[in-house]
file run36.csv (CSV, C-alpha atoms)
chain,number,residue,atom,x,y,z
A,1,MET,CA,93.9,-145.6,90.6
A,2,SER,CA,93.5,-148.5,92.9
A,3,ASP,CA,95.4,-148.7,96.2
A,4,ASP,CA,97.1,-151.9,94.9
A,5,THR,CA,99.1,-149.9,92.3
A,6,LEU,CA,100.7,-147.8,95.1
A,7,LEU,CA,102.1,-150.8,97.0
A,8,ALA,CA,105.7,-151.5,96.6
A,9,PRO,CA,106.6,-155.0,95.4
A,10,THR,CA,107.5,-157.4,98.2
A,11,LEU,CA,110.6,-159.6,98.4
A,12,PHE,CA,108.4,-162.5,97.3
A,13,ASP,CA,107.3,-160.6,94.2
A,14,LEU,CA,110.8,-159.7,93.3
A,15,LEU,CA,112.5,-163.1,93.9
A,16,CYS,CA,109.8,-165.7,93.3
A,17,ARG,CA,107.9,-167.2,90.5
A,18,SER,CA,104.6,-168.8,91.7
A,19,TRP,CA,101.8,-171.0,90.4
A,20,THR,CA,98.6,-172.6,91.6
A,21,LEU,CA,98.0,-176.3,91.8
A,22,PRO,CA,94.9,-178.3,93.0
A,23,GLY,CA,95.1,-179.1,96.7
A,24,THR,CA,98.1,-179.2,99.1
A,25,VAL,CA,101.6,-179.2,97.6
A,26,SER,CA,103.1,-182.2,99.4
A,27,GLN,CA,106.6,-182.2,97.9
A,28,ALA,CA,109.1,-180.0,96.0
A,29,VAL,CA,111.8,-182.2,94.4
A,30,TYR,CA,114.7,-181.2,92.2
A,31,ASN,CA,115.9,-183.5,89.4
A,32,ALA,CA,119.5,-184.8,89.7
A,33,GLU,CA,120.9,-182.2,87.3
A,34,GLU,CA,119.0,-179.4,89.1
A,35,THR,CA,117.6,-178.0,85.9
A,36,ALA,CA,113.9,-178.5,87.0
A,37,VAL,CA,111.8,-178.8,90.2
A,38,ALA,CA,108.6,-180.9,90.5
A,39,PHE,CA,105.8,-179.9,92.8
A,40,ALA,CA,103.5,-182.7,93.8
A,41,ALA,CA,99.9,-181.9,94.6
A,42,GLU,CA,96.7,-184.0,94.6
A,43,GLY,CA,96.9,-186.2,91.5
A,44,VAL,CA,99.0,-183.6,89.7
A,45,LEU,CA,102.8,-183.0,89.2
A,46,GLY,CA,103.7,-179.5,88.2
A,47,ILE,CA,107.2,-179.0,86.8
A,48,ALA,CA,109.1,-175.7,86.5
A,49,SER,CA,112.5,-175.1,84.9
A,50,LEU,CA,115.1,-173.4,87.1
A,51,ALA,CA,116.2,-171.4,84.0
A,52,ASP,CA,114.5,-168.0,84.0
A,53,PRO,CA,115.1,-165.2,81.5
A,54,GLU,CA,114.1,-162.7,84.1
A,55,ARG,CA,115.9,-164.0,87.1
A,56,PRO,CA,116.7,-161.3,89.7
A,57,GLU,CA,120.3,-160.7,88.6
A,58,THR,CA,119.0,-159.5,85.2
A,59,ARG,CA,116.6,-157.0,86.9
A,60,MET,CA,119.2,-155.7,89.4
A,61,ARG,CA,120.3,-152.1,89.2
A,62,THR,CA,123.0,-150.3,91.3
A,63,ALA,CA,122.7,-146.7,92.2
A,64,ALA,CA,125.8,-144.7,91.1
A,65,ASP,CA,125.9,-142.4,94.2
A,66,THR,CA,125.2,-144.9,97.0
A,67,GLY,CA,126.0,-148.3,95.5
A,68,ARG,CA,122.6,-149.6,96.7
A,69,HIS,CA,121.2,-152.5,94.8
A,70,THR,CA,117.6,-152.5,93.6
A,71,ILE,CA,115.6,-155.3,91.9
A,72,LEU,CA,113.1,-154.2,89.3
A,73,PRO,CA,109.7,-156.0,88.9
A,74,ARG,CA,109.2,-158.5,86.2
A,75,GLU,CA,108.0,-157.2,82.8
A,76,ARG,CA,106.6,-160.4,81.4
A,77,PRO,CA,104.2,-163.1,82.9
A,78,VAL,CA,105.8,-166.2,84.4
A,79,ARG,CA,105.8,-169.3,82.2
A,80,PRO,CA,103.2,-171.8,83.3
A,81,LEU,CA,104.1,-175.1,84.9
A,82,GLU,CA,104.3,-178.3,82.8
A,83,ARG,CA,101.5,-180.4,84.3
A,84,VAL,CA,101.1,-184.2,84.5
A,85,GLU,CA,97.8,-185.7,85.6
A,86,HIS,CA,96.9,-189.0,87.2
A,87,VAL,CA,100.0,-189.4,89.4
A,88,CYS,CA,100.1,-190.1,93.1
A,89,GLY,CA,102.4,-190.8,96.0
A,90,PRO,CA,106.0,-189.7,96.6
A,91,VAL,CA,108.3,-188.2,94.0
A,92,ALA,CA,112.1,-188.7,93.6
A,93,PRO,CA,114.8,-187.7,91.1
A,94,TYR,CA,115.2,-190.4,88.3
A,95,GLY,CA,118.1,-190.6,86.0
A,96,GLY,CA,119.8,-187.2,85.2
A,97,ARG,CA,116.8,-185.0,84.3
A,98,SER,CA,113.6,-186.9,85.1
A,99,PHE,CA,111.4,-187.8,88.1
A,100,LEU,CA,109.9,-191.0,89.4
A,101,THR,CA,106.5,-191.2,91.0
A,102,GLY,CA,103.4,-193.4,91.3
A,103,SER,CA,100.7,-193.7,88.7
A,104,ALA,CA,97.1,-193.3,89.8
A,105,ARG,CA,96.4,-196.4,87.6
A,106,GLY,CA,99.0,-198.4,89.5
A,107,GLY,CA,102.7,-198.9,89.2
A,108,LEU,CA,105.4,-196.4,88.6
A,109,VAL,CA,105.8,-193.6,86.0
A,110,THR,CA,108.8,-191.5,84.9
A,111,VAL,CA,108.2,-187.9,84.1
A,112,THR,CA,110.6,-185.6,82.0
A,113,PRO,CA,111.0,-181.8,82.7
A,114,ARG,CA,108.7,-181.3,79.7
A,115,GLY,CA,105.9,-183.2,81.3
A,116,GLN,CA,106.3,-186.4,79.2
A,117,ALA,CA,105.2,-189.4,81.3
A,118,VAL,CA,106.2,-193.1,80.6
A,119,ARG,CA,104.8,-195.9,82.7
A,120,LEU,CA,107.3,-198.6,83.8
A,121,ARG,CA,106.3,-202.2,83.5
A,122,ILE,CA,106.8,-203.1,87.1
A,123,ALA,CA,103.9,-204.6,89.0
A,124,LEU,CA,103.2,-203.0,92.3
A,125,PRO,CA,99.9,-204.4,93.7
A,126,ASP,CA,100.4,-202.6,97.0
A,127,GLY,CA,101.1,-199.1,95.5
A,128,VAL,CA,104.1,-196.9,96.2
A,129,ALA,CA,104.7,-196.0,99.9
A,130,ALA,CA,108.2,-194.5,99.7
A,131,LEU,CA,111.0,-193.7,97.2
A,132,ALA,CA,114.7,-193.1,97.5
A,133,ARG,CA,117.5,-192.4,95.1
A,134,ASP,CA,121.0,-193.8,95.6
A,135,PRO,CA,123.2,-190.6,95.6
A,136,ALA,CA,126.2,-192.7,94.4
A,137,SER,CA,124.4,-194.0,91.3
A,138,GLU,CA,121.1,-193.8,89.5
A,139,ALA,CA,119.7,-196.8,91.4
A,140,MET,CA,116.3,-196.4,93.1
A,141,ALA,CA,114.6,-198.0,96.0
A,142,VAL,CA,110.8,-198.4,96.1
A,143,GLY,CA,108.8,-199.2,99.2
A,144,SER,CA,105.6,-201.2,98.4
A,145,GLY,CA,103.7,-203.1,101.0
A,146,THR,CA,106.1,-205.1,103.1
A,147,ARG,CA,108.8,-205.1,100.3
A,148,VAL,CA,111.6,-202.9,99.1
A,149,LEU,CA,112.3,-203.1,95.4
A,150,LEU,CA,115.8,-202.3,94.2
A,151,LEU,CA,115.9,-200.8,90.7
A,152,PRO,CA,119.3,-200.5,89.1
A,153,PRO,CA,119.8,-197.9,86.3
A,154,GLY,CA,117.5,-198.8,83.5
A,155,ALA,CA,114.6,-200.1,85.7
A,156,PRO,CA,114.3,-203.8,84.8
A,157,GLU,CA,110.8,-205.3,84.6
A,158,GLU,CA,111.7,-207.7,87.5
A,159,PRO,CA,113.8,-205.8,90.0
A,160,GLU,CA,115.3,-207.4,93.1
A,161,ALA,CA,112.8,-207.5,96.0
A,162,LEU,CA,113.6,-207.6,99.7
A,163,GLU,CA,111.0,-208.7,102.2
A,164,ILE,CA,111.0,-206.5,105.3
A,165,GLY,CA,108.1,-208.2,107.1
A,166,GLU,CA,106.3,-205.0,108.0
A,167,PRO,CA,104.7,-202.3,105.9
A,168,VAL,CA,107.3,-199.9,104.6
A,169,THR,CA,106.7,-196.3,105.6
A,170,ALA,CA,109.9,-194.5,104.7
A,171,LEU,CA,113.3,-194.9,102.8
A,172,ALA,CA,116.6,-193.0,102.8
A,173,TYR,CA,120.0,-193.8,101.3
A,174,ALA,CA,123.2,-192.9,103.2
A,175,PRO,CA,125.2,-190.1,101.5
A,176,ASP,CA,127.7,-192.6,100.1
A,177,GLY,CA,125.0,-195.0,98.9
A,178,ALA,CA,126.4,-197.9,100.8
A,179,GLN,CA,123.4,-198.3,103.1
A,180,LEU,CA,119.6,-198.0,102.8
A,181,ALA,CA,117.5,-197.2,105.8
A,182,VAL,CA,114.0,-198.7,105.7
A,183,GLY,CA,111.3,-197.3,108.1
A,184,HIS,CA,108.5,-199.7,109.0
A,185,ALA,CA,105.9,-200.2,111.7
A,186,LEU,CA,108.4,-201.5,114.2
A,187,GLY,CA,111.3,-199.1,113.6
A,188,VAL,CA,114.2,-198.9,111.2
A,189,SER,CA,116.1,-201.7,109.4
A,190,PHE,CA,119.3,-201.3,107.4
A,191,VAL,CA,120.0,-202.8,104.0
A,192,ALA,CA,123.6,-203.1,102.7
A,193,GLU,CA,124.9,-205.1,99.7
A,194,GLY,CA,121.4,-206.2,98.9
A,195,ARG,CA,120.7,-207.8,102.3
A,196,VAL,CA,118.6,-206.7,105.3
A,197,GLY,CA,120.9,-206.4,108.3
A,198,GLY,CA,120.4,-205.0,111.8
A,199,GLY,CA,117.8,-202.5,112.9
A,200,VAL,CA,116.5,-200.3,115.7
A,201,ALA,CA,113.2,-200.7,117.4
A,202,LEU,CA,111.1,-197.5,117.8
A,203,GLU,CA,108.0,-196.9,119.7
A,204,SER,CA,106.4,-195.2,116.7
A,205,ALA,CA,106.6,-195.9,112.9
A,206,PRO,CA,109.0,-193.5,111.1
A,207,ARG,CA,107.1,-191.2,108.7
A,208,HIS,CA,110.3,-189.9,107.1
A,209,LEU,CA,114.1,-190.5,107.4
A,210,SER,CA,117.1,-188.2,106.9
A,211,TYR,CA,120.8,-189.0,107.1
A,212,SER,CA,123.3,-186.5,108.3
A,213,PRO,CA,125.7,-185.3,105.6
A,214,ASP,CA,128.5,-187.5,107.0
A,215,GLY,CA,126.2,-190.5,107.3
A,216,ARG,CA,126.9,-191.0,111.0
A,217,HIS,CA,123.4,-190.2,112.2
A,218,LEU,CA,119.9,-190.9,111.0
A,219,ALA,CA,117.0,-188.7,112.0
A,220,CYS,CA,113.6,-190.4,112.1
A,221,GLY,CA,110.4,-188.3,112.0
A,222,LEU,CA,107.8,-190.3,113.9
A,223,ALA,CA,104.0,-190.7,113.9
A,224,GLU,CA,103.9,-188.9,117.2
A,225,PRO,CA,105.5,-185.6,118.4
A,226,GLY,CA,109.2,-185.8,118.6
A,227,PHE,CA,111.9,-187.7,116.7
A,228,ALA,CA,114.5,-190.4,117.1
A,229,LEU,CA,118.2,-189.9,116.3
A,230,VAL,CA,119.9,-193.2,115.4
A,231,GLU,CA,123.6,-194.0,115.0
A,232,PRO,CA,123.6,-196.7,112.2
A,233,ALA,CA,127.1,-198.0,113.0
A,234,THR,CA,126.2,-198.9,116.5
A,235,LEU,CA,122.4,-199.2,116.3
A,236,ALA,CA,122.2,-196.8,119.3
A,237,GLY,CA,119.4,-194.3,119.4
A,238,GLU,CA,117.9,-191.6,121.5
A,239,LEU,CA,114.3,-190.2,121.5
A,240,VAL,CA,113.9,-186.4,121.4
A,241,GLN,CA,110.5,-185.4,122.8
A,242,ASP,CA,108.7,-182.3,124.2
A,243,TYR,CA,107.4,-181.2,120.8
A,244,PRO,CA,103.9,-179.8,120.5
A,245,THR,CA,103.3,-181.5,117.2
A,246,LEU,CA,104.8,-183.9,114.6
A,247,VAL,CA,108.3,-183.2,113.3
A,248,GLU,CA,107.7,-183.1,109.6
A,249,ALA,CA,111.1,-182.0,108.4
A,250,PHE,CA,114.9,-182.0,109.2
A,251,ALA,CA,117.6,-179.6,108.0
A,252,TRP,CA,121.2,-180.7,108.3
A,253,SER,CA,123.5,-177.6,107.9
A,254,GLU,CA,127.1,-178.5,107.1
A,255,ALA,CA,128.1,-174.8,107.0
A,256,GLY,CA,126.5,-174.3,110.5
A,257,ALA,CA,127.4,-177.7,111.9
A,258,ALA,CA,123.8,-178.0,113.1
A,259,LEU,CA,120.6,-179.9,112.9
A,260,ALA,CA,117.3,-178.0,112.7
A,261,THR,CA,113.8,-179.4,112.9
A,262,SER,CA,110.2,-178.3,112.4
A,263,GLY,CA,107.4,-179.2,114.9
A,264,ALA,CA,107.6,-176.3,117.4
A,265,PHE,CA,106.7,-172.6,117.9
A,266,ARG,CA,110.2,-171.8,116.7
A,267,THR,CA,112.9,-173.5,114.5
A,268,VAL,CA,114.5,-175.9,116.9
A,269,ALA,CA,118.3,-176.3,116.2
A,270,TRP,CA,121.2,-178.0,117.9
A,271,ALA,CA,124.9,-177.9,117.4
A,272,LEU,CA,126.2,-181.3,116.2
A,273,ALA,CA,128.6,-183.1,118.7
A,274,GLU,CA,130.6,-186.3,118.3
A,275,ASP,CA,128.0,-188.3,120.1
A,276,GLY,CA,124.9,-186.7,118.5
A,277,LEU,CA,123.2,-183.5,119.6
A,278,GLY,CA,125.0,-180.7,121.4
A,279,ASP,CA,123.9,-177.3,122.7
A,280,ALA,CA,120.7,-175.7,121.6
A,281,LEU,CA,121.1,-172.9,119.0
A,282,GLU,CA,119.1,-169.9,117.9
A,283,ALA,CA,117.7,-169.9,114.4
A,284,GLY,CA,115.3,-167.1,114.1
A,285,ARG,CA,112.6,-165.8,116.6
A,286,ASN,CA,110.2,-167.6,118.9
A,287,GLY,CA,106.6,-167.2,118.0
A,288,LEU,CA,103.0,-168.4,118.4
A,289,VAL,CA,102.7,-170.3,115.2
A,290,ILE,CA,104.1,-173.9,114.5
A,291,VAL,CA,107.0,-174.3,112.1
A,292,GLU,CA,105.8,-176.8,109.6
A,293,ARG,CA,108.9,-177.2,107.3
A,294,VAL,CA,112.7,-176.4,107.4
A,295,ALA,CA,115.5,-176.5,104.9
A,296,ALA,CA,119.2,-175.8,105.1
A,297,SER,CA,121.3,-173.7,102.7
A,298,PRO,CA,123.9,-176.0,101.1
A,299,ASP,CA,126.8,-173.4,101.4
A,300,ARG,CA,125.9,-170.9,104.1
A,301,PRO,CA,124.8,-171.3,107.8
A,302,LEU,CA,121.2,-170.4,107.0
A,303,ILE,CA,118.0,-172.2,107.7
A,304,ALA,CA,114.7,-171.5,105.9
A,305,SER,CA,111.5,-172.0,107.9
A,306,GLY,CA,107.9,-172.3,106.7
A,307,TYR,CA,105.1,-171.7,109.2
A,308,ALA,CA,101.5,-172.9,109.6
A,309,ASN,CA,100.3,-169.3,108.8
A,310,GLY,CA,102.2,-169.3,105.5
A,311,LEU,CA,105.1,-167.2,106.7
A,312,VAL,CA,108.5,-168.2,105.1
A,313,CYS,CA,111.6,-166.8,106.7
A,314,ILE,CA,115.4,-167.3,106.5
A,315,ALA,CA,117.6,-167.0,109.5
A,316,GLU,CA,121.3,-167.4,110.2
A,317,ILE,CA,122.1,-170.3,112.7
A,318,GLY,CA,123.0,-168.8,116.0
A,319,ARG,CA,121.1,-165.6,115.5
A,320,GLY,CA,117.6,-164.4,116.1
A,321,ASP,CA,117.4,-162.0,113.1
A,322,GLU,CA,115.2,-163.2,110.1
A,323,MET,CA,114.6,-162.2,106.5
A,324,MET,CA,111.0,-162.6,105.6
A,325,LEU,CA,110.5,-164.1,102.1
A,326,ARG,CA,106.7,-164.5,102.3
A,327,ALA,CA,104.4,-162.8,104.7
A,328,GLY,CA,101.5,-165.3,104.7
A,329,GLY,CA,99.3,-167.7,102.8
A,330,GLY,CA,98.4,-171.4,103.2
A,331,ALA,CA,100.3,-173.5,105.7
A,332,VAL,CA,103.8,-174.3,104.3
A,333,SER,CA,103.7,-178.0,103.3
A,334,ALA,CA,106.9,-178.4,101.2
A,335,LEU,CA,110.3,-176.6,101.4
A,336,ALA,CA,113.5,-177.5,99.6
A,337,TRP,CA,116.8,-175.6,99.0
A,338,ALA,CA,118.7,-176.6,95.9
A,339,ARG,CA,122.3,-177.7,96.0
A,340,ASP,CA,123.4,-174.6,94.0
A,341,GLY,CA,122.4,-172.4,96.9
A,342,THR,CA,120.6,-169.9,94.7
A,343,HIS,CA,117.2,-171.6,94.4
A,344,MET,CA,114.6,-172.6,97.0
A,345,ALA,CA,111.2,-174.2,96.2
A,346,PHE,CA,108.2,-174.2,98.5
A,347,GLY,CA,104.5,-175.0,98.4
A,348,ASP,CA,101.5,-174.7,100.7
A,349,ALA,CA,98.2,-176.2,101.7
A,350,ALA,CA,96.3,-173.7,99.5
A,351,GLY,CA,98.0,-175.1,96.4
A,352,GLN,CA,100.6,-172.3,95.8
A,353,ALA,CA,103.9,-173.5,94.4
A,354,ALA,CA,106.8,-171.1,94.4
A,355,LEU,CA,110.4,-171.0,93.3
A,356,ALA,CA,112.7,-168.4,94.7
A,357,ALA,CA,116.0,-167.3,93.0
A,358,PHE,CA,118.5,-165.6,95.2
A,359,PRO,CA,121.2,-163.2,93.8
A,360,ARG,CA,124.6,-164.2,95.1
A,361,THR,CA,124.9,-160.7,96.7
A,362,LEU,CA,121.8,-161.2,98.8
A,363,PHE,CA,123.5,-163.2,101.6
A,364,LYS,CA,126.8,-161.6,102.6
call {"tool": "encode", "arguments": {"input": "run36.csv", "output": "structure tokens"}}
result
Amino acid sequence: MSDDTLLAPTLFDLLCRSWTLPGTVSQAVYNAEETAVAFAAEGVLGIASLADPERPETRMRTAADTGRHTILPRERPVRPLERVEHVCGPVAPYGGRSFLTGSARGGLVTVTPRGQAVRLRIALPDGVAALARDPASEAMAVGSGTRVLLLPPGAPEEPEALEIGEPVTALAYAPDGAQLAVGHALGVSFVAEGRVGGGVALESAPRHLSYSPDGRHLACGLAEPGFALVEPATLAGELVQDYPTLVEAFAWSEAGAALATSGAFRTVAWALAEDGLGDALEAGRNGLVIVERVAASPDRPLIASGYANGLVCIAEIGRGDEMMLRAGGGAVSALAWARDGTHMAFGDAAGQAALAAFPRTLFK
């Protein structure tokens, strides 16, 4: 008997399905209906259904004498990912069930949860730099070169194009869909009612953008350590520095009234105040390894953190205690908590893609 057979299953083994993709997993994106999640790797999109016949609840047993819950190991192999080849660039939800991404042959392609790909007849000579979905509709924004293309539902062959004047680096819609933030080489510009309006100059080009849930603030991850926090209504902004590396992810927690970021040797978190960032908050332990990605639970004051050494932990905002979901592996390069609060997807630089399903009784 090998030593491996004597090892008890880890929390990762009991809660997660996992797969292997070629190269770094750069994104984990849920479709709008949250029936599937797409993992983007190098030239490949891997798609997993959230439905699982052996999800943890079906394997949970309760001891009659102590009431203690136990999750049994899986009995059957995990179903393989649906795979789509020859795709590239960012990924976003499209329609109700599908995804939108770039084609390696140029232009845009839609992908269904079953892996069926359809190329859209929209010319994009400069490729796809950024994508964003309007949360108030099924409209899409596409950053390509110095332009932003606005695609209403149905994706016409000649969408409206807005000239930004600088190469587009990032896009984000406000939660109500009334405003589109466009990151470019000189800062951020705002689009409303189909027109480019005011903007904020930044010292570094935004790599990614993230609105607060109430739309009052926009966090801008920059091409240098630190980030900018912008108030779109007043175009006021502040630069938050003293990070050892790039801030690759933001996590806005409504339940915890906080903003957490990656980019340091701990999960950096602040309470949210009327005018921006308030007091610093605990969110797990300090360490010696960089936090690469963060994600917030949609219904609890919890932050998930993924580290450069592959560690994935979940901590309550304001506390130092952590629950370890994965002990190690490739550097965490994608992390996304689903709106239902019971699923979290993550991927790493070694090509592992994983989808965790949390029993409702796990977080009390």
call {"tool": "residues_around", "arguments": {"input": "run36.csv", "residues": "Arg285 of chain A", "least_positions_apart": "4", "cutoff": "9 Å", "atoms": "all atoms listed in the file", "output": "count of residues only"}}
result
7
call {"tool": "residues_around", "arguments": {"input": "run36.csv", "residues": "segment 5-21 of chain A", "least_positions_apart": "2", "cutoff": "6 Å", "atoms": "all atoms listed in the file", "output": "MDAnalysis selection string"}}
result
chainID A and resid 2:3 73 325:326 351:357
call {"tool": "closest_atom_pairs", "arguments": {"input": "run36.csv", "of": "segment 209-259 of chain A", "to": "segment 176-196 of chain A", "cutoff": "8 Å", "atoms": "only C-alpha atoms", "output": "JSON lines"}}
result
{"residue": "A:Leu209", "atom": "CA", "partner": "A:Gly183", "partner_atom": "CA", "distance": 7.4}
{"residue": "A:Gly215", "atom": "CA", "partner": "A:Asp176", "partner_atom": "CA", "distance": 7.6}
{"residue": "A:Pro232", "atom": "CA", "partner": "A:Phe190", "partner_atom": "CA", "distance": 7.9}
call {"tool": "atom_distance", "arguments": {"input": "run36.csv", "atom1": "atom CA of Ser137 of chain A", "atom2": "atom CA of Ala249 of chain A"}}
result
24.8 Å
call {"tool": "closest_residue", "arguments": {"input": "run36.csv", "among": "A:Thr146, A:Ser204, A:Thr62, A:Thr35", "to": "Thr112 of chain A", "atoms": "all atoms listed in the file"}}
result
A:Thr35
call {"tool": "closest_residue", "arguments": {"input": "run36.csv", "among": "A:Ala170, A:Val247, A:Ser103, A:Arg216", "to": "Leu272 of chain A", "atoms": "all atoms listed in the file"}}
result
A:Arg216
call {"tool": "atom_distance", "arguments": {"input": "run36.csv", "atom1": "atom CA of Arg339 of chain A", "atom2": "atom CA of Tyr94 of chain A"}}
result
16.5 Å
call {"tool": "residues_near_point", "arguments": {"input": "run36.csv", "point": "(113.5, -190.0, 101.3)", "cutoff": "6 Å", "atoms": "only C-alpha atoms", "output": "PDB file with C-alpha atoms, in the frame of the given file"}}
result
ATOM      1  CA  ALA A 132     114.700-193.100  97.500  1.00  0.00           C
ATOM      2  CA  LEU A 171     113.300-194.900 102.800  1.00  0.00           C
ATOM      3  CA  ALA A 172     116.600-193.000 102.800  1.00  0.00           C
TER       4      ALA A 172
END
call {"tool": "closest_residue", "arguments": {"input": "run36.csv", "among": "A:Ile290, A:Leu218, A:Val78, A:Val91", "to": "Asn31 of chain A", "atoms": "all atoms listed in the file"}}
result
A:Val91
call {"tool": "residues_near_point", "arguments": {"input": "run36.csv", "point": "(109.9, -202.5, 89.2)", "cutoff": "10 Å", "atoms": "only C-alpha atoms", "output": "ChimeraX atom specification"}}
result
/A:107-108,120-124,140-142,149-152,155-161
call {"tool": "atom_distance", "arguments": {"input": "run36.csv", "atom1": "atom CA of Gly154 of chain A", "atom2": "atom CA of Ala41 of chain A"}}
result
26.8 Å
call {"tool": "closest_residue", "arguments": {"input": "run36.csv", "among": "A:Asp275, A:Glu34, A:Asp340, A:Glu254", "to": "Ile317 of chain A", "atoms": "all atoms listed in the file"}}
result
A:Glu254
call {"tool": "residues_around", "arguments": {"input": "run36.csv", "residues": "Arg97 of chain A", "least_positions_apart": "6", "cutoff": "12 Å", "atoms": "all atoms listed in the file", "output": "list of chain:residue names"}}
result
A:Val29, A:Tyr30, A:Asn31, A:Ala32, A:Glu33, A:Glu34, A:Thr35, A:Ala36, A:Val37, A:Ala38, A:Ile47, A:Ser49, A:Thr110, A:Val111, A:Thr112, A:Pro113, A:Arg114, A:Gly115, A:Gln116, A:Glu138
call {"tool": "residues_around", "arguments": {"input": "run36.csv", "residues": "segment 86-88 of chain A", "least_positions_apart": "3", "cutoff": "10 Å", "atoms": "all atoms listed in the file", "output": "short mmCIF file (atom, residue, chain, number, x, y, z; two decimals) with C-alpha atoms, keeping the file's coordinate frame"}}
result
data_model
loop_
_atom_site.label_atom_id
_atom_site.label_comp_id
_atom_site.auth_asym_id
_atom_site.auth_seq_id
_atom_site.Cartn_x
_atom_site.Cartn_y
_atom_site.Cartn_z
CA ALA A 40 103.50 -182.70 93.80
CA ALA A 41 99.90 -181.90 94.60
CA GLU A 42 96.70 -184.00 94.60
CA GLY A 43 96.90 -186.20 91.50
CA VAL A 44 99.00 -183.60 89.70
CA LEU A 45 102.80 -183.00 89.20
CA VAL A 91 108.30 -188.20 94.00
CA THR A 101 106.50 -191.20 91.00
CA GLY A 102 103.40 -193.40 91.30
CA SER A 103 100.70 -193.70 88.70
CA ALA A 104 97.10 -193.30 89.80
CA ARG A 105 96.40 -196.40 87.60
CA GLY A 106 99.00 -198.40 89.50
CA GLY A 107 102.70 -198.90 89.20
CA LEU A 108 105.40 -196.40 88.60
CA VAL A 109 105.80 -193.60 86.00
CA VAL A 111 108.20 -187.90 84.10
CA ALA A 117 105.20 -189.40 81.30
CA GLY A 127 101.10 -199.10 95.50
CA VAL A 128 104.10 -196.90 96.20
#
call {"tool": "closest_residue", "arguments": {"input": "run36.csv", "among": "A:Met60, A:Ala257, A:Pro213, A:Val200", "to": "Ala233 of chain A", "atoms": "all atoms listed in the file"}}
result
A:Val200
call {"tool": "closest_residue", "arguments": {"input": "run36.csv", "among": "A:Gly328, A:His208, A:Glu231, A:Ala28", "to": "Ala295 of chain A", "atoms": "all atoms listed in the file"}}
result
A:Ala28
call {"tool": "residues_around", "arguments": {"input": "run36.csv", "residues": "Trp252 of chain A", "least_positions_apart": "4", "cutoff": "7 Å", "atoms": "only C-alpha atoms", "output": "ChimeraX atom specification"}}
result
/A:212-213,258-260,296
call {"tool": "decode", "arguments": {"input": "run36.csv", "residues": "segment 156-165 of chain A", "atoms": "N, CA, C and O atoms", "output": "mmCIF file, in the first residue's frame"}}
result
data_model
loop_
_atom_site.group_PDB
_atom_site.id
_atom_site.type_symbol
_atom_site.label_atom_id
_atom_site.label_comp_id
_atom_site.auth_asym_id
_atom_site.auth_seq_id
_atom_site.Cartn_x
_atom_site.Cartn_y
_atom_site.Cartn_z
ATOM 1 N N PRO A 156 -24.585 43.891 -34.282
ATOM 2 C CA PRO A 156 -24.654 44.245 -35.705
ATOM 3 C C PRO A 156 -23.275 44.178 -36.355
ATOM 4 O O PRO A 156 -22.255 44.238 -35.685
ATOM 5 N N GLU A 157 -23.265 44.064 -37.677
ATOM 6 C CA GLU A 157 -21.999 43.963 -38.397
ATOM 7 C C GLU A 157 -21.243 45.284 -38.401
ATOM 8 O O GLU A 157 -20.024 45.297 -38.576
ATOM 9 N N GLU A 158 -21.936 46.400 -38.202
ATOM 10 C CA GLU A 158 -21.279 47.699 -38.148
ATOM 11 C C GLU A 158 -21.682 48.409 -36.857
ATOM 12 O O GLU A 158 -22.527 49.298 -36.853
ATOM 13 N N PRO A 159 -21.086 48.060 -35.746
ATOM 14 C CA PRO A 159 -21.447 48.691 -34.472
ATOM 15 C C PRO A 159 -20.971 50.133 -34.419
ATOM 16 O O PRO A 159 -20.094 50.555 -35.174
ATOM 17 N N GLU A 160 -21.537 50.890 -33.483
ATOM 18 C CA GLU A 160 -21.101 52.271 -33.277
ATOM 19 C C GLU A 160 -19.677 52.272 -32.738
ATOM 20 O O GLU A 160 -19.327 51.486 -31.857
ATOM 21 N N ALA A 161 -18.839 53.155 -33.270
ATOM 22 C CA ALA A 161 -17.444 53.243 -32.845
ATOM 23 C C ALA A 161 -17.155 54.630 -32.298
ATOM 24 O O ALA A 161 -17.520 55.643 -32.911
ATOM 25 N N LEU A 162 -16.506 54.667 -31.138
ATOM 26 C CA LEU A 162 -16.102 55.926 -30.517
ATOM 27 C C LEU A 162 -14.588 56.028 -30.559
ATOM 28 O O LEU A 162 -13.878 55.102 -30.152
ATOM 29 N N GLU A 163 -14.081 57.152 -31.034
ATOM 30 C CA GLU A 163 -12.638 57.378 -31.093
ATOM 31 C C GLU A 163 -12.168 57.962 -29.758
ATOM 32 O O GLU A 163 -12.640 59.006 -29.322
ATOM 33 N N ILE A 164 -11.226 57.280 -29.108
ATOM 34 C CA ILE A 164 -10.707 57.711 -27.818
ATOM 35 C C ILE A 164 -9.456 58.562 -27.989
ATOM 36 O O ILE A 164 -9.175 59.450 -27.182
ATOM 37 N N GLY A 165 -8.680 58.306 -29.031
ATOM 38 C CA GLY A 165 -7.482 59.093 -29.292
ATOM 39 C C GLY A 165 -6.214 58.470 -28.747
ATOM 40 O O GLY A 165 -5.108 58.878 -29.123
#
